[in-house]
>>> print(open('model.tsv').read())   # TSV, C-alpha atoms
chain	number	residue	atom	x	y	z
A	1	MET	CA	2.39	-15.73	41.68
A	2	THR	CA	-0.26	-14.47	39.35
A	3	GLU	CA	-1.77	-16.55	36.63
A	4	GLU	CA	-0.03	-14.29	34.16
A	5	THR	CA	3.47	-14.81	35.51
A	6	ALA	CA	2.77	-18.50	35.78
A	7	ALA	CA	1.92	-18.54	32.12
A	8	ARG	CA	5.13	-16.72	31.29
A	9	GLN	CA	7.17	-19.18	33.28
A	10	THR	CA	5.50	-22.03	31.52
A	11	ALA	CA	6.25	-20.41	28.21
A	12	ARG	CA	9.89	-20.06	29.18
A	13	GLY	CA	10.06	-23.61	30.35
A	14	ALA	CA	10.85	-22.59	33.94
A	15	THR	CA	9.85	-25.09	36.55
A	16	PRO	CA	10.14	-23.49	40.00
A	17	GLY	CA	9.33	-25.66	43.00
A	18	PRO	CA	6.20	-25.15	45.08
A	19	GLY	CA	6.03	-21.62	46.39
A	20	ALA	CA	9.20	-20.59	44.60
A	21	VAL	CA	9.18	-17.43	42.58
A	22	ALA	CA	11.76	-16.73	39.94
A	23	PRO	CA	13.54	-13.54	41.08
A	24	ASP	CA	13.81	-12.11	37.60
A	25	LEU	CA	10.06	-12.18	37.27
A	26	GLU	CA	9.41	-10.62	40.67
A	27	VAL	CA	11.63	-7.62	39.98
A	28	ARG	CA	10.46	-7.41	36.45
A	29	ASP	CA	10.46	-3.80	35.31
A	30	ARG	CA	6.97	-2.49	34.69
A	31	GLU	CA	8.22	-1.04	31.42
A	32	ALA	CA	9.67	-4.33	30.30
A	33	ARG	CA	8.16	-5.61	27.12
A	34	ASP	CA	6.41	-8.86	26.47
A	35	ARG	CA	7.37	-10.58	23.29
A	36	VAL	CA	5.22	-12.97	21.32
A	37	ARG	CA	6.39	-14.81	18.26
A	38	VAL	CA	3.98	-16.38	15.79
A	39	CYS	CA	5.47	-18.64	13.17
A	40	LEU	CA	3.28	-19.86	10.31
A	41	PRO	CA	3.74	-21.41	6.88
A	42	ALA	CA	4.42	-18.64	4.37
A	43	GLU	CA	1.08	-19.15	2.64
A	44	GLY	CA	-1.84	-16.81	2.13
A	45	ALA	CA	-4.20	-19.31	3.72
A	46	TYR	CA	-2.70	-18.50	7.13
A	47	LEU	CA	-3.17	-14.73	6.96
A	48	SER	CA	-6.52	-14.95	8.72
A	49	VAL	CA	-4.86	-16.73	11.65
A	50	LEU	CA	-2.32	-13.96	11.98
A	51	ARG	CA	-5.01	-11.28	11.81
A	52	THR	CA	-6.84	-12.98	14.64
A	53	ALA	CA	-3.67	-13.20	16.74
A	54	THR	CA	-2.95	-9.53	16.07
A	55	ALA	CA	-6.42	-8.50	17.19
A	56	GLY	CA	-6.14	-10.56	20.36
A	57	LEU	CA	-2.79	-9.05	21.32
A	58	ALA	CA	-3.92	-5.50	20.54
A	59	ALA	CA	-6.98	-6.03	22.71
A	60	ARG	CA	-4.66	-7.03	25.56
A	61	LEU	CA	-3.04	-3.60	25.33
A	62	ASP	CA	-6.44	-1.90	25.40
A	63	PHE	CA	-6.20	-0.57	21.88
A	64	THR	CA	-9.55	0.80	20.73
A	65	LEU	CA	-11.70	-1.23	18.36
A	66	ASP	CA	-10.78	1.10	15.49
A	67	GLU	CA	-7.09	0.73	16.27
A	68	ILE	CA	-7.45	-3.04	16.42
A	69	GLU	CA	-9.11	-3.08	13.01
A	70	ASP	CA	-6.34	-0.86	11.63
A	71	LEU	CA	-3.73	-3.27	12.96
A	72	ARG	CA	-5.54	-6.27	11.48
A	73	ILE	CA	-5.42	-4.65	8.05
A	74	ALA	CA	-1.85	-3.38	8.46
A	75	VAL	CA	-0.44	-6.78	9.45
A	76	ASP	CA	-2.34	-8.43	6.63
A	77	GLU	CA	-1.02	-5.95	4.06
A	78	ALA	CA	2.56	-6.27	5.31
A	79	CYS	CA	2.45	-10.06	5.18
A	80	ALA	CA	0.73	-10.14	1.79
A	81	MET	CA	3.56	-8.01	0.40
A	82	LEU	CA	6.22	-10.31	1.80
A	83	LEU	CA	4.50	-13.54	0.78
A	84	SER	CA	4.95	-12.62	-2.87
A	85	GLN	CA	8.68	-13.20	-2.50
A	86	ALA	CA	8.74	-15.89	0.19
A	87	ILE	CA	10.32	-19.20	-0.73
A	88	PRO	CA	7.58	-21.87	-0.78
A	89	GLY	CA	7.79	-24.22	2.15
A	90	THR	CA	9.42	-21.68	4.47
A	91	ASN	CA	7.83	-19.83	7.36
A	92	LEU	CA	6.39	-16.39	7.87
A	93	GLU	CA	7.64	-15.08	11.21
A	94	CYS	CA	5.78	-12.42	13.12
A	95	ASP	CA	7.24	-10.90	16.26
A	96	PHE	CA	5.04	-8.78	18.49
A	97	GLU	CA	6.68	-6.54	21.07
A	98	LEU	CA	4.13	-5.27	23.54
A	99	SER	CA	4.74	-2.34	25.85
A	100	THR	CA	2.31	-0.14	27.74
A	101	ASP	CA	1.05	1.89	24.82
A	102	LEU	CA	3.03	0.68	21.84
A	103	MET	CA	2.92	-2.43	19.74
A	104	THR	CA	5.89	-3.11	17.49
A	105	ILE	CA	5.28	-5.82	14.93
A	106	THR	CA	8.03	-7.27	12.77
A	107	VAL	CA	7.02	-9.65	10.00
A	108	SER	CA	9.61	-11.41	7.90
A	109	VAL	CA	10.10	-14.13	5.31
A	110	VAL	CA	13.02	-15.86	3.64
A	111	ALA	CA	13.32	-14.89	-0.03
A	112	ALA	CA	15.38	-16.23	-2.90
A	113	GLN	CA	16.18	-12.68	-3.98
A	114	PRO	CA	15.28	-10.52	-1.00
A	115	CYS	CA	14.22	-6.99	-1.81
A	116	THR	CA	12.34	-4.41	0.21
A	117	PRO	CA	8.76	-3.89	-0.99
A	118	ALA	CA	7.98	-1.10	-3.45
A	119	ARG	CA	6.43	1.91	-1.78
A	120	ASP	CA	4.42	3.18	-4.72
A	121	THR	CA	1.70	0.54	-4.34
A	122	PHE	CA	-1.83	0.60	-2.97
A	123	ALA	CA	-0.76	-1.91	-0.36
A	124	TRP	CA	2.07	0.28	0.97
A	125	THR	CA	-0.20	3.33	0.99
A	126	VAL	CA	-2.73	1.44	3.07
A	127	LEU	CA	-0.06	0.04	5.35
A	128	SER	CA	1.58	3.38	6.12
A	129	ALA	CA	-1.77	5.09	6.63
A	130	LEU	CA	-2.87	2.48	9.15
A	131	ALA	CA	0.25	1.75	11.11
A	132	GLY	CA	1.71	5.25	11.19
A	133	ASP	CA	5.34	4.23	11.49
A	134	VAL	CA	6.39	1.63	8.91
A	135	ASP	CA	9.78	0.55	7.67
A	136	SER	CA	11.24	-2.33	5.70
A	137	ARG	CA	14.71	-3.82	5.78
A	138	LEU	CA	16.87	-6.67	4.60
A	139	GLU	CA	18.12	-8.97	7.32
A	140	PRO	CA	20.79	-11.66	7.48
A	141	ASP	CA	20.07	-15.11	6.05
A	142	ASP	CA	18.10	-13.76	3.09
A	143	ARG	CA	15.27	-12.45	5.23
A	144	VAL	CA	13.24	-9.40	4.32
A	145	ALA	CA	11.24	-7.72	7.06
A	146	ILE	CA	8.59	-5.05	7.53
A	147	VAL	CA	8.36	-3.30	10.89
A	148	LEU	CA	5.17	-1.59	12.09
A	149	ARG	CA	4.91	0.57	15.18
A	150	LYS	CA	1.44	1.44	16.37
A	151	HIS	CA	0.90	3.70	19.38
A	152	ARG	CA	-2.25	3.37	21.39
A	153	GLY	CA	-4.46	6.43	21.21
A	154	VAL	CA	-2.62	8.01	18.27
A	155	SER	CA	-4.30	8.03	14.90
A	156	GLY	CA	-2.19	6.54	12.16
A	157	THR	CA	-3.71	8.83	9.60
B	1	MET	CA	-9.40	-20.37	8.76
B	2	GLU	CA	-11.79	-17.84	7.36
B	3	GLU	CA	-13.07	-18.45	3.87
B	4	LEU	CA	-15.02	-16.43	1.40
B	5	THR	CA	-18.56	-17.36	0.41
B	6	ILE	CA	-19.97	-15.86	-2.76
B	7	SER	CA	-23.45	-16.21	-4.22
B	8	VAL	CA	-24.83	-14.75	-7.42
B	9	THR	CA	-28.45	-13.82	-8.08
B	10	ALA	CA	-29.40	-12.63	-11.55
B	11	GLY	CA	-32.21	-10.09	-11.58
B	12	PRO	CA	-34.03	-8.24	-14.36
B	13	SER	CA	-32.16	-4.98	-13.89
B	14	HIS	CA	-28.93	-6.11	-12.29
B	15	THR	CA	-26.96	-9.03	-10.97
B	16	LEU	CA	-26.50	-9.20	-7.22
B	17	VAL	CA	-23.30	-10.74	-5.87
B	18	THR	CA	-23.37	-11.40	-2.14
B	19	VAL	CA	-20.05	-11.99	-0.40
B	20	ALA	CA	-19.47	-13.18	3.14
B	21	GLY	CA	-16.40	-14.09	5.16
B	22	GLU	CA	-12.99	-12.51	4.63
B	23	CYS	CA	-11.40	-11.33	1.40
B	24	ASP	CA	-7.59	-11.31	1.38
B	25	LEU	CA	-4.61	-12.49	-0.66
B	26	HIS	CA	-5.81	-16.07	-0.34
B	27	THR	CA	-9.52	-15.67	-1.04
B	28	GLY	CA	-9.41	-12.60	-3.29
B	29	ARG	CA	-9.01	-14.72	-6.40
B	30	GLN	CA	-12.44	-16.28	-5.74
B	31	LEU	CA	-14.02	-12.85	-5.84
B	32	ARG	CA	-12.07	-11.95	-8.98
B	33	ASP	CA	-13.08	-15.18	-10.72
B	34	VAL	CA	-16.79	-14.76	-9.94
B	35	LEU	CA	-16.96	-11.10	-10.89
B	36	THR	CA	-14.95	-11.44	-14.09
B	37	SER	CA	-17.03	-14.46	-15.07
B	38	GLU	CA	-20.23	-12.44	-14.68
B	39	VAL	CA	-18.82	-9.58	-16.72
B	40	SER	CA	-17.57	-11.92	-19.45
B	41	HIS	CA	-21.06	-13.42	-19.64
B	42	GLY	CA	-22.49	-10.04	-20.48
B	43	VAL	CA	-23.57	-8.68	-17.11
B	44	ARG	CA	-23.35	-4.89	-17.16
B	45	ARG	CA	-24.95	-3.88	-13.88
B	46	LEU	CA	-23.34	-5.49	-10.87
B	47	ILE	CA	-24.28	-4.84	-7.26
B	48	VAL	CA	-21.99	-6.38	-4.65
B	49	ASP	CA	-23.52	-6.81	-1.19
B	50	LEU	CA	-20.67	-6.50	1.31
B	51	SER	CA	-22.74	-6.71	4.51
B	52	GLY	CA	-21.44	-10.18	5.37
B	53	LEU	CA	-17.82	-9.36	4.64
B	54	GLY	CA	-15.84	-9.06	7.86
B	55	PHE	CA	-12.52	-8.18	6.29
B	56	MET	CA	-11.06	-6.95	3.04
B	57	ASP	CA	-7.51	-5.88	2.22
B	58	SER	CA	-6.04	-4.12	-0.80
B	59	THR	CA	-6.14	-7.38	-2.76
B	60	GLY	CA	-9.93	-7.41	-2.68
B	61	MET	CA	-10.09	-3.69	-3.24
B	62	GLN	CA	-8.00	-4.01	-6.41
B	63	VAL	CA	-10.36	-6.72	-7.67
B	64	LEU	CA	-13.30	-4.35	-7.24
B	65	LEU	CA	-11.44	-1.48	-8.92
B	66	SER	CA	-10.43	-3.56	-11.92
B	67	VAL	CA	-13.96	-4.90	-12.38
B	68	ARG	CA	-15.30	-1.37	-12.11
B	69	THR	CA	-12.88	-0.26	-14.85
B	70	VAL	CA	-13.88	-3.08	-17.20
B	71	LEU	CA	-17.57	-2.39	-16.62
B	72	ALA	CA	-17.11	1.34	-17.18
B	73	VAL	CA	-15.44	0.69	-20.53
B	74	ARG	CA	-18.42	-1.46	-21.54
B	75	GLY	CA	-20.98	1.08	-20.38
B	76	GLY	CA	-21.84	-0.84	-17.23
B	77	ILE	CA	-21.75	-0.03	-13.55
B	78	LEU	CA	-20.50	-1.58	-10.31
B	79	ALA	CA	-22.07	-0.60	-7.00
B	80	LEU	CA	-21.30	-1.69	-3.44
B	81	VAL	CA	-23.79	-2.13	-0.63
B	82	SER	CA	-23.48	-1.94	3.17
B	83	PRO	CA	-19.78	-2.45	3.85
B	84	GLN	CA	-18.88	-3.10	7.48
B	85	PRO	CA	-16.67	-0.42	9.08
B	86	VAL	CA	-13.41	-2.30	8.51
B	87	VAL	CA	-14.24	-2.68	4.82
B	88	ALA	CA	-15.46	0.91	4.52
B	89	ARG	CA	-12.14	1.95	6.04
B	90	ILE	CA	-10.03	0.42	3.31
B	91	LEU	CA	-12.37	1.70	0.58
B	92	GLU	CA	-11.91	5.17	2.03
B	93	LEU	CA	-8.15	4.91	2.55
B	94	THR	CA	-7.53	3.92	-1.05
B	95	GLY	CA	-10.03	6.36	-2.48
B	96	ALA	CA	-11.97	3.45	-4.02
B	97	ASP	CA	-15.18	4.87	-2.55
B	98	GLN	CA	-14.65	7.93	-4.76
B	99	VAL	CA	-14.89	5.93	-7.97
B	100	ILE	CA	-17.22	3.10	-6.94
B	101	PRO	CA	-20.62	4.15	-5.57
B	102	VAL	CA	-21.31	2.78	-2.09
B	103	TYR	CA	-24.88	2.55	-0.77
B	104	ASP	CA	-26.26	1.88	2.68
B	105	THR	CA	-28.92	-0.53	1.49
B	106	LEU	CA	-29.62	-2.76	-1.48
B	107	GLN	CA	-32.78	-0.78	-2.12
B	108	ASP	CA	-30.75	2.43	-2.34
B	109	ALA	CA	-28.41	0.82	-4.88
B	110	GLN	CA	-31.29	-0.51	-6.96
B	111	THR	CA	-33.06	2.84	-6.91
B	112	ALA	CA	-29.91	4.75	-7.84
B	113	GLY	CA	-28.89	2.27	-10.49
>>> encode(input="model.tsv", output="structure tokens")
Amino acid sequence: MTEETAARQTARGATPGPGAVAPDLEVRDREARDRVRVCLPAEGAYLSVLRTATAGLAARLDFTLDEIEDLRIAVDEACAMLLSQAIPGTNLECDFELSTDLMTITVSVVAAQPCTPARDTFAWTVLSALAGDVDSRLEPDDRVAIVLRKHRGVSGT
Amino acid sequence: MEELTISVTAGPSHTLVTVAGECDLHTGRQLRDVLTSEVSHGVRRLIVDLSGLGFMDSTGMQVLLSVRTVLAVRGGILALVSPQPVVARILELTGADQVIPVYDTLQDAQTAG
């Protein structure tokens, strides 16, 4: 068992006995995607934490330094847009889906009157230029989400 | 969590504002408050040293653009000095670097100003 799979098992709460290997991990498809969820108070003060997490995960996928910086800005812009309508006291959720050369990031908040962000703003212009593929959507339970897809080695501009 | 540190030095020909840390939705208001305070106290030539700023998003960029507009109306000028690549990137993406002069060094900004 590698340190990495051990960490995954720990994260999943699996407790195999000595020497045991969970079959689903051993046959794990190389194309399978790792998922990381970061949940923070929906407050601007936590944006820097999320930027740092984003940079760390992008570095894991061997994104270039420029791509990592683009992702830091993109995630920040997406969250800043959503925080304006988040209900105080709720959480900002950020889901990272990591595959070989693609990072899909979904950020969402709970809003009193959920609406997708306006696209004629500086913030959206920056976001779409940096992330390449950006979309927003309304989700169940009064959530509004922005989805970013950033390919490794493909300029977003 | 990253914070924003701002210092102001008044000089004979201009006022130098040095910012360090990260400027985002949370800390951008600090930058806005300091810059608008300087302008309301009569400062007309502002140079903002960005060399210590490790991050800026569109919130900070809009602060700079609005201060630039107010200064322009009053016959003043705003100049930026030595942005790090990540900050230069957002200035370029938004076109802010087309309306706010950006210099490599403080000396360049002082000479040009």
>>> closest_residue(input="model.tsv", among="A:Ser128, A:Thr54, A:Thr121, A:Ser48", to="chain B", atoms="only C-alpha atoms")
A:Ser48
>>> interface_residues(input="model.tsv", of="chain A", to="chain B", cutoff="10 Å", atoms="only C-alpha atoms", output="ChimeraX atom specification")
/A:43-49,51-52,66,68-70,72-74,76-77,79-81,83-84,121-127,129-130,157
>>> closest_residue(input="model.tsv", among="B:Leu64, B:Ala10, B:Val48, B:Ala79", to="Gly28 of chain B", atoms="only C-alpha atoms")
B:Leu64
>>> atom_distance(input="model.tsv", atom1="atom CA of Asp95 of chain A", atom2="atom CA of Asp120 of chain A")
25.4 Å
>>> atom_distance(input="model.tsv", atom1="atom CA of Lys150 of chain A", atom2="atom CA of Leu65 of chain A")
13.6 Å
>>> atom_distance(input="model.tsv", atom1="atom CA of Thr105 of chain B", atom2="atom CA of Ser82 of chain B")
5.9 Å
>>> closest_residue(input="model.tsv", among="B:Ile77, B:Leu4, B:Val102, B:Val17", to="Gly60 of chain B", atoms="only C-alpha atoms")
B:Leu4
>>> residues_near_point(input="model.tsv", point="(-16.0, 3.5, -12.0)", cutoff="6 Å", atoms="all atoms listed in the file", output="PDB file with C-alpha atoms, in the coordinates of the input")
ATOM      1  CA  ARG B  68     -15.300  -1.370 -12.110  1.00  0.00           C
ATOM      2  CA  THR B  69     -12.880  -0.260 -14.850  1.00  0.00           C
ATOM      3  CA  ALA B  72     -17.110   1.340 -17.180  1.00  0.00           C
ATOM      4  CA  VAL B  99     -14.890   5.930  -7.970  1.00  0.00           C
ATOM      5  CA  ILE B 100     -17.220   3.100  -6.940  1.00  0.00           C
TER       6      ILE B 100
END
>>> closest_residue(input="model.tsv", among="A:Leu50, A:Val109, A:Val38, A:Ala118", to="Asn91 of chain A", atoms="all atoms listed in the file")
A:Val109
